[in-house]
Amino acid sequence: MSKLFSLLTLAAFALTLAAGSPAQAKALEGVVNINTATVGELTMLPGVGKAKAEQIVQYRQAKPFTSVEDLKNIPGLGQKRIEAMRSHVTVQGPTTAKRLSSKPAAATPAAPASAPQS
């Protein structure tokens with residue numbers, strides 16, 4: 001029984017590592033204007049997938065957002081999620097958000113050493 005438990009624990013840990021953290025998956029810089037952003041731009045926000053982005057667009061068509069706190073009117077967006085995205089959300093100005101690459105930069109190959117001259 002303990003071997004099975006150990007194996008399941010190890011498998012769960014491996015899956016956690018493979019999935020990465022939500023912060024890594026949604027690392028971005030800049031802001032998303034929730035009054036003008038496309039569904040694709042809205043999905044850059046932490047905790048916002050395609051379905052939630054579509055709900056945001058539907059909501060703003062009826063009533064534009066006047067503050068970031070208005071996101072609490074979207075079903076499934078609670079205070080924790082709003083706080084996680086607050087620094088990347090605005091209700092005016094342009095959307096400037098860009099995803100940050102989570103992949104390390106590729107190493108540039110070293111130049112071959114030149115042969116000594118005589």
# chains A, B, ... in the order shown; residues from 1 in each chain; ligands from 1
$ residues_around --residues "Gly30 (chain A)" --least-positions-apart "6" --cutoff "12 Å" --atoms "only C-alpha atoms" --output "ChimeraX atom specification"
/A:41,44-45,85-90,93-100
$ closest_residue --among "A:Ile74, A:Ala27, A:Val57, A:Ile82" --to "Val39 (chain A)" --atoms "only C-alpha atoms"
A:Val57
$ atom_distance --atom1 "CA of Pro46 (chain A)" --atom2 "CA of Pro75 (chain A)"
15.7 Å
$ closest_residue --among "A:Ala37, A:Val68, A:Val31, A:Ala51" --to "Arg81 (chain A)" --atoms "only C-alpha atoms"
A:Val68
$ atom_distance --atom1 "CA of Leu42 (chain A)" --atom2 "CA of Glu83 (chain A)"
15.4 Å
$ residues_around --residues "Leu71 (chain A)" --least-positions-apart "2" --cutoff "10 Å" --atoms "only C-alpha atoms" --output "list in words"
Ile34, Ile56, Tyr59, Arg60, Phe65, Thr66, Ser67, Val68, Glu69, Asn73, Ile74, Pro75, Gly76, Leu77, Gly78, Gln79, Arg81 and Ile82 of chain A
$ write_last_selection --atoms "N, CA, C and O atoms" --output "tab-separated table (two decimals), in the first residue's frame"
chain	number	residue	atom	x	y	z
A	34	ILE	N	-9.87	46.65	-20.24
A	34	ILE	CA	-11.00	45.73	-20.28
A	34	ILE	C	-12.20	46.30	-21.02
A	34	ILE	O	-13.15	45.58	-21.31
A	56	ILE	N	-16.53	38.86	-20.29
A	56	ILE	CA	-16.12	40.24	-20.07
A	56	ILE	C	-16.57	41.11	-21.23
A	56	ILE	O	-17.12	42.21	-21.04
A	59	TYR	N	-20.36	41.61	-21.08
A	59	TYR	CA	-20.72	42.54	-20.01
A	59	TYR	C	-20.49	43.98	-20.44
A	59	TYR	O	-21.36	44.83	-20.27
A	60	ARG	N	-19.33	44.25	-21.02
A	60	ARG	CA	-19.00	45.64	-21.36
A	60	ARG	C	-19.86	46.18	-22.50
A	60	ARG	O	-19.99	47.39	-22.65
A	65	PHE	N	-17.04	49.21	-18.26
A	65	PHE	CA	-16.43	49.17	-16.93
A	65	PHE	C	-16.00	50.58	-16.54
A	65	PHE	O	-15.41	51.30	-17.34
A	66	THR	N	-16.30	50.97	-15.30
A	66	THR	CA	-15.85	52.27	-14.81
A	66	THR	C	-14.66	52.13	-13.87
A	66	THR	O	-13.96	53.10	-13.60
A	67	SER	N	-14.45	50.89	-13.35
A	67	SER	CA	-13.29	50.62	-12.50
A	67	SER	C	-12.95	49.14	-12.60
A	67	SER	O	-13.77	48.33	-13.05
A	68	VAL	N	-11.76	48.80	-12.16
A	68	VAL	CA	-11.33	47.40	-12.16
A	68	VAL	C	-12.25	46.59	-11.25
A	68	VAL	O	-12.55	45.43	-11.54
A	69	GLU	N	-12.76	47.19	-10.19
A	69	GLU	CA	-13.66	46.50	-9.26
A	69	GLU	C	-14.93	46.02	-9.94
A	69	GLU	O	-15.57	45.08	-9.47
A	73	ASN	N	-18.54	41.79	-11.11
A	73	ASN	CA	-19.87	41.52	-11.67
A	73	ASN	C	-19.84	40.38	-12.69
A	73	ASN	O	-20.89	39.95	-13.17
A	74	ILE	N	-18.65	39.90	-13.03
A	74	ILE	CA	-18.51	38.77	-13.94
A	74	ILE	C	-18.54	37.49	-13.10
A	74	ILE	O	-17.70	37.32	-12.20
A	75	PRO	N	-19.49	36.59	-13.36
A	75	PRO	CA	-19.55	35.35	-12.57
A	75	PRO	C	-18.22	34.60	-12.63
A	75	PRO	O	-17.64	34.43	-13.69
A	76	GLY	N	-17.73	34.21	-11.45
A	76	GLY	CA	-16.49	33.45	-11.38
A	76	GLY	C	-15.25	34.31	-11.16
A	76	GLY	O	-14.17	33.79	-10.94
A	77	LEU	N	-15.40	35.62	-11.23
A	77	LEU	CA	-14.26	36.51	-10.95
A	77	LEU	C	-14.44	37.08	-9.55
A	77	LEU	O	-15.17	38.04	-9.35
A	78	GLY	N	-13.76	36.48	-8.61
A	78	GLY	CA	-13.82	36.95	-7.23
A	78	GLY	C	-12.68	37.90	-6.91
A	78	GLY	O	-11.85	38.21	-7.76
A	79	GLN	N	-12.66	38.34	-5.68
A	79	GLN	CA	-11.66	39.32	-5.24
A	79	GLN	C	-10.23	38.80	-5.41
A	79	GLN	O	-9.36	39.55	-5.82
A	81	ARG	N	-9.00	36.69	-7.66
A	81	ARG	CA	-8.61	36.73	-9.07
A	81	ARG	C	-8.40	38.17	-9.53
A	81	ARG	O	-7.48	38.47	-10.29
A	82	ILE	N	-9.28	39.05	-9.09
A	82	ILE	CA	-9.16	40.47	-9.46
A	82	ILE	C	-7.84	41.02	-8.93
A	82	ILE	O	-7.13	41.75	-9.63
$ atom_distance --atom1 "CA of Lys63 (chain A)" --atom2 "CA of Glu29 (chain A)"
26.9 Å
$ decode --residues "region 12-104 of chain A" --atoms "C-alpha atoms" --output "PDB file, in the first residue's frame"
ATOM      1  CA  ALA A  12       1.197  14.081  -8.774  1.00  0.00           C
ATOM      2  CA  PHE A  13       4.425  15.980  -8.097  1.00  0.00           C
ATOM      3  CA  ALA A  14       5.661  15.350 -11.645  1.00  0.00           C
ATOM      4  CA  LEU A  15       2.392  16.629 -13.103  1.00  0.00           C
ATOM      5  CA  THR A  16       2.621  19.752 -10.954  1.00  0.00           C
ATOM      6  CA  LEU A  17       6.122  20.460 -12.228  1.00  0.00           C
ATOM      7  CA  ALA A  18       5.134  19.845 -15.847  1.00  0.00           C
ATOM      8  CA  ALA A  19       2.140  22.178 -15.653  1.00  0.00           C
ATOM      9  CA  GLY A  20       4.131  25.064 -14.216  1.00  0.00           C
ATOM     10  CA  SER A  21       2.621  27.738 -12.036  1.00  0.00           C
ATOM     11  CA  PRO A  22      -0.158  30.051 -13.241  1.00  0.00           C
ATOM     12  CA  ALA A  23       2.178  32.994 -12.733  1.00  0.00           C
ATOM     13  CA  GLN A  24       4.659  31.479 -15.184  1.00  0.00           C
ATOM     14  CA  ALA A  25       1.989  30.636 -17.721  1.00  0.00           C
ATOM     15  CA  LYS A  26       0.583  34.158 -17.726  1.00  0.00           C
ATOM     16  CA  ALA A  27       3.712  36.277 -17.188  1.00  0.00           C
ATOM     17  CA  LEU A  28       3.124  39.587 -18.909  1.00  0.00           C
ATOM     18  CA  GLU A  29       4.071  43.208 -18.906  1.00  0.00           C
ATOM     19  CA  GLY A  30       1.856  46.192 -19.620  1.00  0.00           C
ATOM     20  CA  VAL A  31      -1.887  46.586 -19.189  1.00  0.00           C
ATOM     21  CA  VAL A  32      -5.101  45.317 -20.756  1.00  0.00           C
ATOM     22  CA  ASN A  33      -7.948  47.808 -21.187  1.00  0.00           C
ATOM     23  CA  ILE A  34     -10.997  45.730 -20.279  1.00  0.00           C
ATOM     24  CA  ASN A  35     -13.252  48.179 -22.157  1.00  0.00           C
ATOM     25  CA  THR A  36     -11.521  47.765 -25.529  1.00  0.00           C
ATOM     26  CA  ALA A  37      -9.423  44.572 -25.448  1.00  0.00           C
ATOM     27  CA  THR A  38     -10.107  41.655 -27.747  1.00  0.00           C
ATOM     28  CA  VAL A  39     -10.868  38.189 -26.386  1.00  0.00           C
ATOM     29  CA  GLY A  40      -7.266  37.230 -27.190  1.00  0.00           C
ATOM     30  CA  GLU A  41      -5.874  40.194 -25.278  1.00  0.00           C
ATOM     31  CA  LEU A  42      -8.115  39.483 -22.291  1.00  0.00           C
ATOM     32  CA  THR A  43      -6.866  35.889 -22.110  1.00  0.00           C
ATOM     33  CA  MET A  44      -3.388  37.209 -21.332  1.00  0.00           C
ATOM     34  CA  LEU A  45      -4.679  38.115 -17.864  1.00  0.00           C
ATOM     35  CA  PRO A  46      -4.062  35.621 -15.049  1.00  0.00           C
ATOM     36  CA  GLY A  47      -7.171  33.555 -14.366  1.00  0.00           C
ATOM     37  CA  VAL A  48      -8.899  34.535 -17.619  1.00  0.00           C
ATOM     38  CA  GLY A  49      -9.502  31.913 -20.278  1.00  0.00           C
ATOM     39  CA  LYS A  50     -11.457  32.227 -23.507  1.00  0.00           C
ATOM     40  CA  ALA A  51     -14.892  31.696 -21.904  1.00  0.00           C
ATOM     41  CA  LYS A  52     -14.241  34.272 -19.168  1.00  0.00           C
ATOM     42  CA  ALA A  53     -12.871  36.750 -21.739  1.00  0.00           C
ATOM     43  CA  GLU A  54     -16.063  36.348 -23.776  1.00  0.00           C
ATOM     44  CA  GLN A  55     -18.121  37.063 -20.633  1.00  0.00           C
ATOM     45  CA  ILE A  56     -16.117  40.245 -20.066  1.00  0.00           C
ATOM     46  CA  VAL A  57     -16.803  41.384 -23.654  1.00  0.00           C
ATOM     47  CA  GLN A  58     -20.536  40.629 -23.295  1.00  0.00           C
ATOM     48  CA  TYR A  59     -20.723  42.537 -20.010  1.00  0.00           C
ATOM     49  CA  ARG A  60     -19.004  45.645 -21.357  1.00  0.00           C
ATOM     50  CA  GLN A  61     -21.314  45.763 -24.389  1.00  0.00           C
ATOM     51  CA  ALA A  62     -24.215  46.337 -21.999  1.00  0.00           C
ATOM     52  CA  LYS A  63     -22.332  48.526 -19.534  1.00  0.00           C
ATOM     53  CA  PRO A  64     -18.719  49.724 -19.896  1.00  0.00           C
ATOM     54  CA  PHE A  65     -16.428  49.170 -16.932  1.00  0.00           C
ATOM     55  CA  THR A  66     -15.853  52.269 -14.805  1.00  0.00           C
ATOM     56  CA  SER A  67     -13.292  50.621 -12.504  1.00  0.00           C
ATOM     57  CA  VAL A  68     -11.326  47.403 -12.160  1.00  0.00           C
ATOM     58  CA  GLU A  69     -13.659  46.500  -9.262  1.00  0.00           C
ATOM     59  CA  ASP A  70     -16.515  46.173 -11.782  1.00  0.00           C
ATOM     60  CA  LEU A  71     -14.953  42.827 -12.763  1.00  0.00           C
ATOM     61  CA  LYS A  72     -16.615  41.371  -9.655  1.00  0.00           C
ATOM     62  CA  ASN A  73     -19.866  41.519 -11.672  1.00  0.00           C
ATOM     63  CA  ILE A  74     -18.507  38.766 -13.945  1.00  0.00           C
ATOM     64  CA  PRO A  75     -19.549  35.353 -12.568  1.00  0.00           C
ATOM     65  CA  GLY A  76     -16.488  33.454 -11.383  1.00  0.00           C
ATOM     66  CA  LEU A  77     -14.256  36.505 -10.948  1.00  0.00           C
ATOM     67  CA  GLY A  78     -13.821  36.954  -7.231  1.00  0.00           C
ATOM     68  CA  GLN A  79     -11.663  39.319  -5.244  1.00  0.00           C
ATOM     69  CA  LYS A  80      -8.638  36.960  -5.289  1.00  0.00           C
ATOM     70  CA  ARG A  81      -8.606  36.734  -9.069  1.00  0.00           C
ATOM     71  CA  ILE A  82      -9.156  40.471  -9.456  1.00  0.00           C
ATOM     72  CA  GLU A  83      -6.218  41.148  -7.120  1.00  0.00           C
ATOM     73  CA  ALA A  84      -4.023  38.750  -9.119  1.00  0.00           C
ATOM     74  CA  MET A  85      -4.664  40.706 -12.328  1.00  0.00           C
ATOM     75  CA  ARG A  86      -5.115  44.233 -10.910  1.00  0.00           C
ATOM     76  CA  SER A  87      -1.662  45.510 -11.903  1.00  0.00           C
ATOM     77  CA  HIS A  88      -2.346  44.537 -15.521  1.00  0.00           C
ATOM     78  CA  VAL A  89      -5.888  45.902 -15.895  1.00  0.00           C
ATOM     79  CA  THR A  90      -7.103  49.366 -16.803  1.00  0.00           C
ATOM     80  CA  VAL A  91     -10.415  50.868 -17.912  1.00  0.00           C
ATOM     81  CA  GLN A  92      -8.943  53.612 -20.095  1.00  0.00           C
ATOM     82  CA  GLY A  93      -6.053  54.097 -22.483  1.00  0.00           C
ATOM     83  CA  PRO A  94      -4.532  51.573 -24.865  1.00  0.00           C
ATOM     84  CA  THR A  95      -3.890  47.895 -24.241  1.00  0.00           C
ATOM     85  CA  THR A  96      -0.111  47.529 -24.044  1.00  0.00           C
ATOM     86  CA  ALA A  97       0.191  44.039 -22.563  1.00  0.00           C
ATOM     87  CA  LYS A  98       2.678  41.585 -24.023  1.00  0.00           C
ATOM     88  CA  ARG A  99       3.386  38.041 -22.892  1.00  0.00           C
ATOM     89  CA  LEU A 100       6.819  37.552 -21.442  1.00  0.00           C
ATOM     90  CA  SER A 101       8.609  34.500 -22.737  1.00  0.00           C
ATOM     91  CA  SER A 102       8.973  31.828 -20.084  1.00  0.00           C
ATOM     92  CA  LYS A 103      11.609  30.048 -22.150  1.00  0.00           C
ATOM     93  CA  PRO A 104      15.242  30.874 -21.444  1.00  0.00           C
TER      94      PRO A 104
END
